[in-house]
file input_11.pdb (PDB, C-alpha atoms)
ATOM      1  CA  MET E   1      24.135  23.124 -18.014
ATOM      2  CA  SER E   2      23.269  19.512 -18.803
ATOM      3  CA  GLU E   3      20.079  18.579 -20.584
ATOM      4  CA  PRO E   4      16.953  17.926 -18.493
ATOM      5  CA  THR E   5      15.602  14.474 -17.799
ATOM      6  CA  ILE E   6      11.892  13.924 -17.356
ATOM      7  CA  ALA E   7      10.040  10.945 -15.946
ATOM      8  CA  MET E   8       6.867  10.169 -17.869
ATOM      9  CA  PHE E   9       4.363   7.838 -16.225
ATOM     10  CA  ILE E  10       2.001   6.773 -18.971
ATOM     11  CA  CYS E  11      -1.052   4.569 -19.085
ATOM     12  CA  ARG E  12      -0.691   1.515 -21.338
ATOM     13  CA  ASN E  13      -3.839   2.501 -23.205
ATOM     14  CA  ALA E  14      -2.692   6.075 -23.809
ATOM     15  CA  ARG E  15       0.788   4.978 -24.835
ATOM     16  CA  ALA E  16      -0.287   4.586 -28.440
ATOM     17  CA  ALA E  17      -0.127   8.375 -28.574
ATOM     18  CA  LEU E  18       3.664   8.054 -28.577
ATOM     19  CA  THR E  19       3.522   6.255 -31.926
ATOM     20  CA  SER E  20       2.248   7.774 -35.150
ATOM     21  CA  ALA E  21      -0.034   6.039 -37.631
ATOM     22  CA  ASP E  22       2.930   4.933 -39.752
ATOM     23  CA  GLY E  23       4.543   3.312 -36.744
ATOM     24  CA  THR E  24       7.322   5.836 -36.053
ATOM     25  CA  GLU E  25       7.988   6.564 -32.389
ATOM     26  CA  MET E  26       7.924  10.101 -31.043
ATOM     27  CA  PRO E  27      11.481  11.352 -30.420
ATOM     28  CA  LEU E  28      11.822  11.436 -26.661
ATOM     29  CA  ALA E  29      15.377  12.478 -25.876
ATOM     30  CA  GLY E  30      15.729  12.961 -22.132
ATOM     31  CA  VAL E  31      12.345  11.423 -21.375
ATOM     32  CA  GLN E  32      12.248   8.252 -19.322
ATOM     33  CA  VAL E  33       8.991   6.501 -20.196
ATOM     34  CA  ILE E  34       7.481   4.348 -17.463
ATOM     35  CA  GLU E  35       4.503   2.388 -18.761
ATOM     36  CA  LEU E  36       1.800   1.510 -16.268
ATOM     37  CA  PRO E  37      -1.176  -0.833 -16.700
ATOM     38  CA  CYS E  38      -3.407   2.175 -15.917
ATOM     39  CA  SER E  39      -2.668   5.723 -14.803
ATOM     40  CA  GLY E  40      -4.512   4.819 -11.590
ATOM     41  CA  ARG E  41      -1.435   2.800 -10.633
ATOM     42  CA  VAL E  42       0.642   5.933 -10.186
ATOM     43  CA  ASP E  43       1.202   6.916  -6.578
ATOM     44  CA  GLU E  44       2.986   9.560  -4.557
ATOM     45  CA  VAL E  45       6.000   7.349  -3.823
ATOM     46  CA  MET E  46       6.697   6.687  -7.525
ATOM     47  CA  VAL E  47       6.704  10.349  -8.433
ATOM     48  CA  LEU E  48       8.766  11.467  -5.427
ATOM     49  CA  ARG E  49      11.292   8.691  -6.102
ATOM     50  CA  ALA E  50      11.640   9.746  -9.744
ATOM     51  CA  LEU E  51      12.385  13.303  -8.634
ATOM     52  CA  ARG E  52      14.856  12.080  -6.023
ATOM     53  CA  GLN E  53      16.656   9.923  -8.531
ATOM     54  CA  GLY E  54      17.407  12.869 -10.752
ATOM     55  CA  ALA E  55      14.364  13.716 -12.867
ATOM     56  CA  TRP E  56      13.957  17.460 -13.291
ATOM     57  CA  ALA E  57      10.221  17.051 -13.712
ATOM     58  CA  ALA E  58       7.627  14.291 -13.778
ATOM     59  CA  ILE E  59       4.533  13.998 -15.933
ATOM     60  CA  VAL E  60       1.623  11.639 -15.617
ATOM     61  CA  VAL E  61      -0.179  10.866 -18.868
ATOM     62  CA  ALA E  62      -3.683   9.460 -18.521
ATOM     63  CA  CYS E  63      -6.656   8.840 -20.766
ATOM     64  CA  LEU E  64      -9.333  11.488 -21.278
ATOM     65  CA  ASP E  65     -12.009  11.939 -18.612
ATOM     66  CA  GLY E  66     -14.617   9.223 -18.908
ATOM     67  CA  ASN E  67     -12.369   7.152 -21.197
ATOM     68  CA  CYS E  68     -10.554   5.084 -18.589
ATOM     69  CA  ARG E  69     -10.753   1.411 -19.376
ATOM     70  CA  ASN E  70     -10.848   0.770 -15.639
ATOM     71  CA  LEU E  71     -13.503   3.465 -15.163
ATOM     72  CA  THR E  72     -11.814   5.675 -12.573
ATOM     73  CA  GLY E  73      -8.044   5.219 -12.929
ATOM     74  CA  ASN E  74      -7.448   8.652 -14.434
ATOM     75  CA  TYR E  75      -9.506  10.358 -11.720
ATOM     76  CA  GLN E  76      -7.466   8.581  -9.047
ATOM     77  CA  ALA E  77      -4.245   9.575 -10.771
ATOM     78  CA  ARG E  78      -5.302  13.214 -10.763
ATOM     79  CA  LYS E  79      -5.947  13.164  -7.021
ATOM     80  CA  ARG E  80      -2.553  11.628  -6.361
ATOM     81  CA  VAL E  81      -0.812  14.153  -8.574
ATOM     82  CA  ASP E  82      -2.545  16.901  -6.577
ATOM     83  CA  GLU E  83      -1.290  15.239  -3.390
ATOM     84  CA  VAL E  84       2.302  15.089  -4.659
ATOM     85  CA  ARG E  85       2.159  18.736  -5.629
ATOM     86  CA  SER E  86       0.965  19.588  -2.145
ATOM     87  CA  LEU E  87       3.794  17.517  -0.627
ATOM     88  CA  LEU E  88       6.372  19.271  -2.807
ATOM     89  CA  LEU E  89       5.055  22.628  -1.675
ATOM     90  CA  GLN E  90       5.363  21.581   1.961
ATOM     91  CA  LEU E  91       8.939  20.445   1.311
ATOM     92  CA  GLY E  92       9.853  23.790  -0.201
ATOM     93  CA  LEU E  93      10.061  22.464  -3.770
ATOM     94  CA  GLY E  94       8.227  23.818  -6.786
ATOM     95  CA  PRO E  95       4.902  22.007  -7.252
ATOM     96  CA  ASP E  96       5.009  22.733 -10.996
ATOM     97  CA  ARG E  97       7.648  20.042 -11.341
ATOM     98  CA  VAL E  98       4.821  17.522 -11.502
ATOM     99  CA  LYS E  99       2.137  17.781 -14.169
ATOM    100  CA  MET E 100      -0.645  15.647 -15.506
ATOM    101  CA  PHE E 101      -2.021  15.448 -19.033
ATOM    102  CA  SER E 102      -5.017  13.654 -20.432
ATOM    103  CA  VAL E 103      -4.737  12.432 -24.015
ATOM    104  CA  ALA E 104      -6.576  10.027 -26.266
ATOM    105  CA  SER E 105      -4.405   7.386 -27.893
ATOM    106  CA  ASN E 106      -4.575   9.211 -31.248
ATOM    107  CA  GLN E 107      -3.643  12.667 -29.896
ATOM    108  CA  ARG E 108       0.008  12.416 -30.729
ATOM    109  CA  ALA E 109       0.452  16.108 -31.466
ATOM    110  CA  VAL E 110      -1.159  17.116 -28.161
ATOM    111  CA  LEU E 111       1.185  14.865 -26.218
ATOM    112  CA  ALA E 112       4.248  15.996 -28.172
ATOM    113  CA  GLU E 113       3.368  19.623 -27.476
ATOM    114  CA  ALA E 114       2.855  18.893 -23.754
ATOM    115  CA  VAL E 115       6.204  17.114 -23.487
ATOM    116  CA  ARG E 116       7.949  19.949 -25.340
ATOM    117  CA  LYS E 117       6.437  22.505 -22.934
ATOM    118  CA  VAL E 118       7.481  20.560 -19.838
ATOM    119  CA  MET E 119      10.971  20.087 -21.307
ATOM    120  CA  ASP E 120      11.322  23.825 -21.977
ATOM    121  CA  GLU E 121      10.119  24.668 -18.480
ATOM    122  CA  ALA E 122      12.524  22.184 -16.912
ATOM    123  CA  ARG E 123      15.390  23.585 -18.975
ATOM    124  CA  GLU E 124      14.525  27.067 -17.818
ATOM    125  CA  ARG E 125      14.307  26.131 -14.140
ATOM    126  CA  GLY E 126      17.250  23.735 -13.999
ATOM    127  CA  PRO E 127      17.633  20.762 -11.660
ATOM    128  CA  ILE E 128      15.478  20.672  -8.551
ATOM    129  CA  ARG E 129      16.650  22.850  -5.718
ATOM    130  CA  ILE E 130      15.255  23.109  -2.250
ATOM    131  CA  LEU E 131      13.446  26.389  -1.389
ATOM    132  CA  GLU E 132      12.467  26.984  -5.003
ATOM    133  CA  GLY E 133       8.811  26.777  -3.929
ATOM    134  CA  ASP E 134       6.811  29.609  -2.488
ATOM    135  CA  ARG E 135       7.639  28.923   1.127
TER
ATOM    136  CA  MET R   1     -12.998   6.570  17.739
ATOM    137  CA  ILE R   2      -9.551   7.584  16.667
ATOM    138  CA  ILE R   3      -9.019  10.163  13.976
ATOM    139  CA  ALA R   4      -5.631  11.090  12.624
ATOM    140  CA  GLU R   5      -4.094  13.678  10.340
ATOM    141  CA  ARG R   6      -0.495  14.022   9.278
ATOM    142  CA  LYS R   7       1.320  17.168  10.340
ATOM    143  CA  ASP R   8       2.652  19.584   7.748
ATOM    144  CA  LEU R   9       5.898  18.252   6.252
ATOM    145  CA  LYS R  10       7.653  21.530   6.992
ATOM    146  CA  GLN R  11       6.984  21.106  10.695
ATOM    147  CA  ILE R  12       8.102  17.471  10.571
ATOM    148  CA  THR R  13      11.369  18.262   8.807
ATOM    149  CA  GLU R  14      12.076  20.931  11.436
ATOM    150  CA  MET R  15      11.641  18.304  14.168
ATOM    151  CA  LEU R  16      14.183  16.088  12.422
ATOM    152  CA  GLU R  17      16.798  18.833  12.104
ATOM    153  CA  GLY R  18      20.308  17.464  12.575
ATOM    154  CA  ARG R  19      19.272  13.785  12.746
ATOM    155  CA  LYS R  20      21.088  11.362  10.471
ATOM    156  CA  ARG R  21      19.296   8.028  10.898
ATOM    157  CA  VAL R  22      15.528   8.309  10.906
ATOM    158  CA  LEU R  23      13.148   5.404  11.378
ATOM    159  CA  VAL R  24       9.671   6.175  10.047
ATOM    160  CA  ALA R  25       7.363   3.889  11.992
ATOM    161  CA  GLY R  26       3.780   3.344  10.933
ATOM    162  CA  CYS R  27       0.930   1.401  12.437
ATOM    163  CA  ARG R  28      -1.464  -0.869  10.567
ATOM    164  CA  SER R  29      -4.454  -0.142  12.787
ATOM    165  CA  CYS R  30      -6.377   3.094  13.425
ATOM    166  CA  VAL R  31      -4.063   5.505  11.598
ATOM    167  CA  SER R  32      -3.938   3.164   8.643
ATOM    168  CA  ILE R  33      -7.723   3.333   8.329
ATOM    169  CA  CYS R  34      -7.508   7.133   8.507
ATOM    170  CA  HIS R  35      -4.898   7.109   5.690
ATOM    171  CA  ALA R  36      -2.557   9.029   7.948
ATOM    172  CA  GLY R  37       0.080   6.585   9.190
ATOM    173  CA  GLY R  38      -0.222   3.168   7.569
ATOM    174  CA  GLU R  39       2.340   1.374   5.437
ATOM    175  CA  LYS R  40       1.548   3.456   2.370
ATOM    176  CA  GLU R  41       1.807   6.770   4.199
ATOM    177  CA  VAL R  42       5.087   5.638   5.774
ATOM    178  CA  ALA R  43       6.492   5.009   2.281
ATOM    179  CA  ILE R  44       5.372   8.452   1.104
ATOM    180  CA  MET R  45       6.825  10.160   4.179
ATOM    181  CA  ALA R  46      10.153   8.313   3.885
ATOM    182  CA  GLU R  47      10.457   9.155   0.192
ATOM    183  CA  ALA R  48       9.634  12.827   0.844
ATOM    184  CA  LEU R  49      12.278  13.023   3.595
ATOM    185  CA  ARG R  50      14.882  11.368   1.356
ATOM    186  CA  LEU R  51      14.086  13.755  -1.482
ATOM    187  CA  LYS R  52      14.457  16.790   0.756
ATOM    188  CA  ALA R  53      17.663  15.559   2.377
ATOM    189  CA  GLU R  54      19.285  14.682  -0.942
ATOM    190  CA  ARG R  55      18.356  17.962  -2.552
ATOM    191  CA  GLU R  56      19.793  19.848   0.425
ATOM    192  CA  GLY R  57      22.953  17.754   0.208
ATOM    193  CA  ARG R  58      22.496  16.387   3.716
ATOM    194  CA  GLU R  59      23.221  12.842   4.735
ATOM    195  CA  MET R  60      20.102  11.175   6.032
ATOM    196  CA  GLU R  61      19.385   7.495   6.166
ATOM    197  CA  VAL R  62      15.647   6.923   6.260
ATOM    198  CA  SER R  63      14.257   3.479   6.980
ATOM    199  CA  GLU R  64      10.630   2.389   7.050
ATOM    200  CA  VAL R  65       8.698  -0.013   9.205
ATOM    201  CA  ALA R  66       5.055  -0.631  10.029
ATOM    202  CA  VAL R  67       3.832  -2.750  12.922
ATOM    203  CA  GLU R  68       0.393  -4.175  13.555
ATOM    204  CA  ARG R  69      -0.199  -1.982  16.574
ATOM    205  CA  GLN R  70       2.163   0.529  18.063
ATOM    206  CA  CYS R  71       0.059   0.736  21.204
ATOM    207  CA  GLU R  72       0.833  -2.908  22.101
ATOM    208  CA  LYS R  73       4.247  -3.643  23.604
ATOM    209  CA  GLU R  74       4.252  -7.143  22.116
ATOM    210  CA  TRP R  75       4.138  -5.789  18.579
ATOM    211  CA  VAL R  76       6.644  -3.004  19.218
ATOM    212  CA  ARG R  77       9.146  -5.506  20.624
ATOM    213  CA  GLY R  78       9.504  -6.843  17.093
ATOM    214  CA  ILE R  79      11.133  -3.624  15.876
ATOM    215  CA  GLU R  80      13.381  -3.028  18.894
ATOM    216  CA  ARG R  81      16.533  -3.524  16.844
ATOM    217  CA  GLN R  82      15.491  -1.047  14.170
ATOM    218  CA  VAL R  83      14.587   1.506  16.822
ATOM    219  CA  ALA R  84      17.971   1.087  18.494
ATOM    220  CA  ALA R  85      19.757   1.562  15.142
ATOM    221  CA  GLY R  86      18.104   4.944  14.515
ATOM    222  CA  ASP R  87      18.839   8.430  15.838
ATOM    223  CA  ILE R  88      15.180   9.223  16.052
ATOM    224  CA  VAL R  89      11.868   7.480  15.492
ATOM    225  CA  LEU R  90       9.249   9.358  13.536
ATOM    226  CA  SER R  91       6.107   7.612  14.677
ATOM    227  CA  MET R  92       3.092   8.120  12.457
ATOM    228  CA  ALA R  93       0.828   6.277  14.887
ATOM    229  CA  CYS R  94      -1.604   7.656  17.402
ATOM    230  CA  VAL R  95      -0.876   7.678  21.121
ATOM    231  CA  GLU R  96      -2.835   6.444  24.054
ATOM    232  CA  LYS R  97      -4.303   9.079  26.372
ATOM    233  CA  CYS R  98      -4.814  11.581  23.584
ATOM    234  CA  GLY R  99      -6.897  14.670  24.249
ATOM    235  CA  GLY R 100      -7.805  14.999  20.573
ATOM    236  CA  CYS R 101      -6.634  18.612  20.548
ATOM    237  CA  GLY R 102      -5.660  18.433  16.869
ATOM    238  CA  ASP R 103      -2.270  20.148  17.230
ATOM    239  CA  CYS R 104       0.111  17.688  18.836
ATOM    240  CA  VAL R 105       3.099  18.881  20.909
ATOM    241  CA  LEU R 106       4.347  15.438  21.978
ATOM    242  CA  HIS R 107       7.692  16.021  20.251
ATOM    243  CA  LEU R 108       8.361  18.756  22.825
ATOM    244  CA  THR R 109       7.025  16.928  25.865
ATOM    245  CA  GLY R 110       8.768  13.564  25.741
ATOM    246  CA  GLY R 111       5.747  11.704  24.440
ATOM    247  CA  VAL R 112       3.567  12.613  27.439
ATOM    248  CA  CYS R 113       0.541  14.698  26.494
ATOM    249  CA  PRO R 114       0.106  17.863  28.568
ATOM    250  CA  ILE R 115      -3.453  18.298  27.308
ATOM    251  CA  ALA R 116      -4.586  14.872  28.509
ATOM    252  CA  ARG R 117      -2.351  14.382  31.548
ATOM    253  CA  CYS R 118      -2.374  17.841  33.157
ATOM    254  CA  ALA R 119      -5.574  18.744  35.006
ATOM    255  CA  LYS R 120      -5.307  22.284  33.663
ATOM    256  CA  SER R 121      -4.006  21.234  30.234
ATOM    257  CA  LEU R 122      -1.084  23.596  30.773
ATOM    258  CA  LEU R 123       1.243  23.921  27.805
ATOM    259  CA  ASN R 124       4.093  25.302  29.905
ATOM    260  CA  GLY R 125       3.994  23.604  33.283
ATOM    261  CA  PRO R 126       4.074  22.622  35.996
ATOM    262  CA  CYS R 127       1.848  24.960  37.983
ATOM    263  CA  GLY R 128       2.383  25.911  41.617
ATOM    264  CA  GLY R 129       0.040  23.176  42.769
ATOM    265  CA  SER R 130       2.373  20.355  41.808
ATOM    266  CA  GLN R 131       3.768  18.802  45.016
ATOM    267  CA  ASP R 132       5.967  15.711  45.278
ATOM    268  CA  GLY R 133       5.051  14.722  41.733
ATOM    269  CA  ARG R 134       1.310  14.810  42.508
ATOM    270  CA  CYS R 135      -1.460  17.056  41.223
ATOM    271  CA  GLU R 136      -3.227  19.507  43.544
ATOM    272  CA  VAL R 137      -6.583  18.478  42.110
ATOM    273  CA  ASP R 138      -6.222  15.008  43.565
ATOM    274  CA  ARG R 139      -3.248  13.684  45.533
ATOM    275  CA  GLU R 140      -3.694  10.297  43.879
ATOM    276  CA  THR R 141      -3.204  11.787  40.417
ATOM    277  CA  PRO R 142       0.352  12.127  39.171
ATOM    278  CA  CYS R 143       1.334  15.570  37.910
ATOM    279  CA  GLY R 144       1.438  15.532  34.108
ATOM    280  CA  TRP R 145       4.334  17.955  33.945
ATOM    281  CA  GLU R 146       6.317  15.929  36.496
ATOM    282  CA  GLN R 147       5.892  12.960  34.133
ATOM    283  CA  ILE R 148       6.974  15.089  31.202
ATOM    284  CA  TYR R 149      10.065  16.152  33.175
ATOM    285  CA  GLN R 150      10.916  12.540  34.020
ATOM    286  CA  SER R 151      10.356  11.405  30.436
ATOM    287  CA  LEU R 152      12.526  14.175  28.969
ATOM    288  CA  GLY R 153      15.192  13.332  31.551
ATOM    289  CA  ARG R 154      15.211   9.707  30.416
ATOM    290  CA  LEU R 155      15.529  10.852  26.795
ATOM    291  CA  GLY R 156      18.330  13.290  27.679
ATOM    292  CA  ARG R 157      16.279  16.160  26.255
ATOM    293  CA  LEU R 158      15.673  18.360  29.319
ATOM    294  CA  ASP R 159      16.639  21.285  27.074
ATOM    295  CA  LEU R 160      13.163  21.019  25.539
ATOM    296  CA  LEU R 161      11.720  22.399  28.791
ATOM    297  CA  GLU R 162      13.218  25.720  27.728
ATOM    298  CA  VAL R 163      10.972  25.799  24.659
ATOM    299  CA  ASN R 164       7.990  28.043  25.244
ATOM    300  CA  ILE R 165       4.884  26.558  23.685
ATOM    301  CA  PRO R 166       2.791  29.519  22.492
ATOM    302  CA  PRO R 167      -0.949  29.850  23.157
ATOM    303  CA  ARG R 168      -2.610  27.451  20.787
ATOM    304  CA  SER R 169      -5.609  27.487  18.523
ATOM    305  CA  TRP R 170      -8.362  25.138  19.626
ATOM    306  CA  LEU R 171     -10.081  25.253  16.254
ATOM    307  CA  PRO R 172      -8.849  21.802  15.168
ATOM    308  CA  SER R 173      -9.832  20.138  18.453
ATOM    309  CA  ARG R 174     -12.554  17.525  18.641
ATOM    310  CA  SER R 175     -15.217  20.136  19.253
ATOM    311  CA  GLY R 176     -14.472  21.532  15.818
ATOM    312  CA  GLY R 177     -17.604  20.129  14.228
ATOM    313  CA  PRO R 178     -18.512  16.976  12.343
ATOM    314  CA  ARG R 179     -15.991  14.613  10.785
ATOM    315  CA  ARG R 180     -14.432  15.680   7.532
ATOM    316  CA  THR R 181     -12.213  14.106   4.914
ATOM    317  CA  VAL R 182      -8.618  15.038   5.452
ATOM    318  CA  ARG R 183      -6.930  13.389   2.485
ATOM    319  CA  PRO R 184      -8.769  14.220  -0.725
ATOM    320  CA  SER R 185      -6.312  12.031  -2.623
ATOM    321  CA  VAL R 186      -7.962   8.894  -1.240
ATOM    322  CA  ALA R 187     -11.597  10.007  -1.039
ATOM    323  CA  LYS R 188     -13.941   9.194  -3.883
ATOM    324  CA  GLY R 189     -14.748  12.237  -6.000
ATOM    325  CA  ALA R 190     -18.068  13.040  -7.663
ATOM    326  CA  GLU R 191     -16.752  12.027 -11.098
ATOM    327  CA  GLU R 192     -15.633   8.619  -9.789
ATOM    328  CA  ARG R 193     -19.002   7.983  -8.204
ATOM    329  CA  ALA R 194     -20.686   8.959 -11.465
ATOM    330  CA  ALA R 195     -18.450   6.547 -13.417
ATOM    331  CA  GLU R 196     -19.391   3.740 -11.068
ATOM    332  CA  VAL R 197     -23.088   4.458 -11.474
ATOM    333  CA  ARG R 198     -22.695   4.297 -15.253
ATOM    334  CA  ARG R 199     -21.194   0.858 -14.900
TER
END

call {"tool": "encode", "arguments": {"input": "input_11.pdb", "output": "structure tokens"}}
result
Amino acid sequence: MSEPTIAMFICRNARAALTSADGTEMPLAGVQVIELPCSGRVDEVMVLRALRQGAWAAIVVACLDGNCRNLTGNYQARKRVDEVRSLLLQLGLGPDRVKMFSVASNQRAVLAEAVRKVMDEARERGPIRILEGDR
Amino acid sequence: MIIAERKDLKQITEMLEGRKRVLVAGCRSCVSICHAGGEKEVAIMAEALRLKAEREGREMEVSEVAVERQCEKEWVRGIERQVAAGDIVLSMACVEKCGGCGDCVLHLTGGVCPIARCAKSLLNGPCGGSQDGRCEVDRETPCGWEQIYQSLGRLGRLDLLEVNIPPRSWLPSRSGGPRRTVRPSVAKGAEERAAEVRR
């Protein structure tokens, strides 16, 4: 089976978490990073399109609660992620294909661990199939 | 006041079974304000349909359009060509003469509402009182089910008259209590309100 591909929608301010203090980038084989001006920019269409275009899973990376530079972007992102998960369930797809993580820009290890987990899960479940959801 | 809520996607995809060219048509008025059928919701619906079709390996061409008002012929005329190019139009707009029953069956009744147009709100009509296309309640009133029959005939879908609509739940109808938020993804949450107060 081929290796999984993951779409990562990440806030510009949280993106620093992908780089360590000495300037080395986190190895992200199979991860397509899509930088957004704020996680609040993410919407249902973006995530669904990523899944349609071949991503095995999608993750939205936002800043920690209360840390959004635009005040409420991360809260809005969370609501939209919930909406996408509900849509996937209605379509007969697994809602766990879409996840959201909150990280501070210095929590590199937390983000790396989250990406590794999603990658492992995607590898286990394979490419998206219809009727993999509960209904 | 018009309130709108999108149907479950499972139900919608069942309605589109076997169709190859779908036009998702939104409306920028009432349903847009309700976050149920505006331009944004049309984009989400179209993307969801494409995702499902592609994953199932079916061919389905989904196009999107939103007009100012679907209830005005002048606006709808502008998308005549797109409508003609499609197999089916998935309208996310509201309809005139809506009974507000909260569980629409227009896809089975040729776009004519049996709740609003039939004096008895029969789901499987017509009744014995329908004579010469008129209602027994008032001879001036056209029979709703006669209109449904004519409409289905024009659409070439008289087979839909064979579908038995089961007894329905009236819980979601307009008497179901005060207004509520249907799409939590667009409503302001407590944490957002708190963040705004802090500002």

call {"tool": "residues_around", "arguments": {"input": "input_11.pdb", "residues": "Val62 in chain R", "least_positions_apart": "6", "cutoff": "12 Å", "atoms": "all atoms listed in the file", "output": "PyMOL selection string"}}
result
chain R and resi 16+19-25+42-54+82-83+85-90

call {"tool": "residues_around", "arguments": {"input": "input_11.pdb", "residues": "Pro166 in chain R", "least_positions_apart": "6", "cutoff": "12 Å", "atoms": "all atoms listed in the file", "output": "list in words"}}
result
Asp103, Val105, Leu122, Leu123 and Asn124 of chain R

call {"tool": "closest_atom_pairs", "arguments": {"input": "input_11.pdb", "of": "chain E", "to": "chain R", "cutoff": "7 Å", "atoms": "all atoms listed in the file", "output": "Markdown table"}}
result
| residue | atom | partner | partner_atom | distance |
| --- | --- | --- | --- | --- |
| E:Glu44 | CA | R:Ile44 | CA | 6.2 |
| E:Val45 | CA | R:Ile44 | CA | 5.1 |
| E:Leu48 | CA | R:Glu47 | CA | 6.3 |
| E:Arg49 | CA | R:Glu47 | CA | 6.4 |
| E:Arg52 | CA | R:Leu51 | CA | 4.9 |
| E:Leu71 | CA | R:Ala195 | CA | 6.1 |
| E:Thr72 | CA | R:Glu192 | CA | 5.6 |
| E:Tyr75 | CA | R:Glu192 | CA | 6.7 |
| E:Lys79 | CA | R:Ser185 | CA | 4.6 |
| E:Arg80 | CA | R:Ser185 | CA | 5.3 |
| E:Glu83 | CA | R:Ser185 | CA | 6.0 |
| E:Gln90 | CA | R:Leu9 | CA | 5.5 |
| E:Leu91 | CA | R:Lys10 | CA | 5.9 |
| E:Arg129 | CA | R:Arg55 | CA | 6.1 |
| E:Ile130 | CA | R:Arg55 | CA | 6.0 |

call {"tool": "closest_residue", "arguments": {"input": "input_11.pdb", "among": "R:Pro114, R:Gly100, R:Gly26, R:Gly125", "to": "Cys71 in chain R", "atoms": "only C-alpha atoms"}}
result
R:Gly26

call {"tool": "resolve_selection", "arguments": {"input": "input_11.pdb", "expression": "the PyMOL selection byres ((chain E and resi 94) around 12)", "output": "NGL selection string"}}
result
:E and (51 or 56-58 or 84-93 or 95-99 or 121-122 or 125-135)

call {"tool": "build_atoms", "arguments": {"input": "input_11.pdb", "residues": "range 38-51 of chain R", "atoms": "N, CA and C atoms", "output": "CSV table (one decimal), keeping the file's coordinate frame"}}
result
chain,number,residue,atom,x,y,z
R,38,GLY,N,-0.4,4.6,7.9
R,38,GLY,CA,-0.2,3.2,7.6
R,38,GLY,C,1.0,2.9,6.7
R,39,GLU,N,1.2,1.7,6.2
R,39,GLU,CA,2.3,1.4,5.4
R,39,GLU,C,2.6,2.3,4.2
R,40,LYS,N,1.5,2.6,3.6
R,40,LYS,CA,1.5,3.5,2.4
R,40,LYS,C,2.0,4.9,2.7
R,41,GLU,N,1.5,5.4,3.8
R,41,GLU,CA,1.8,6.8,4.2
R,41,GLU,C,3.2,6.8,4.7
R,42,VAL,N,3.7,5.7,5.3
R,42,VAL,CA,5.1,5.6,5.8
R,42,VAL,C,6.0,5.7,4.6
R,43,ALA,N,5.7,5.0,3.5
R,43,ALA,CA,6.5,5.0,2.3
R,43,ALA,C,6.5,6.4,1.7
R,44,ILE,N,5.4,7.1,1.7
R,44,ILE,CA,5.4,8.5,1.1
R,44,ILE,C,6.2,9.4,2.0
R,45,MET,N,6.1,9.3,3.3
R,45,MET,CA,6.8,10.2,4.2
R,45,MET,C,8.3,9.9,4.0
R,46,ALA,N,8.7,8.6,4.0
R,46,ALA,CA,10.2,8.3,3.9
R,46,ALA,C,10.7,8.9,2.6
R,47,GLU,N,10.0,8.7,1.5
R,47,GLU,CA,10.5,9.2,0.2
R,47,GLU,C,10.6,10.7,0.2
R,48,ALA,N,9.6,11.4,0.8
R,48,ALA,CA,9.6,12.8,0.8
R,48,ALA,C,10.8,13.3,1.6
R,49,LEU,N,11.1,12.6,2.8
R,49,LEU,CA,12.3,13.0,3.6
R,49,LEU,C,13.6,12.8,2.8
R,50,ARG,N,13.7,11.7,2.1
R,50,ARG,CA,14.9,11.4,1.4
R,50,ARG,C,15.1,12.4,0.3
R,51,LEU,N,14.0,12.8,-0.4
R,51,LEU,CA,14.1,13.8,-1.5
R,51,LEU,C,14.6,15.1,-0.9
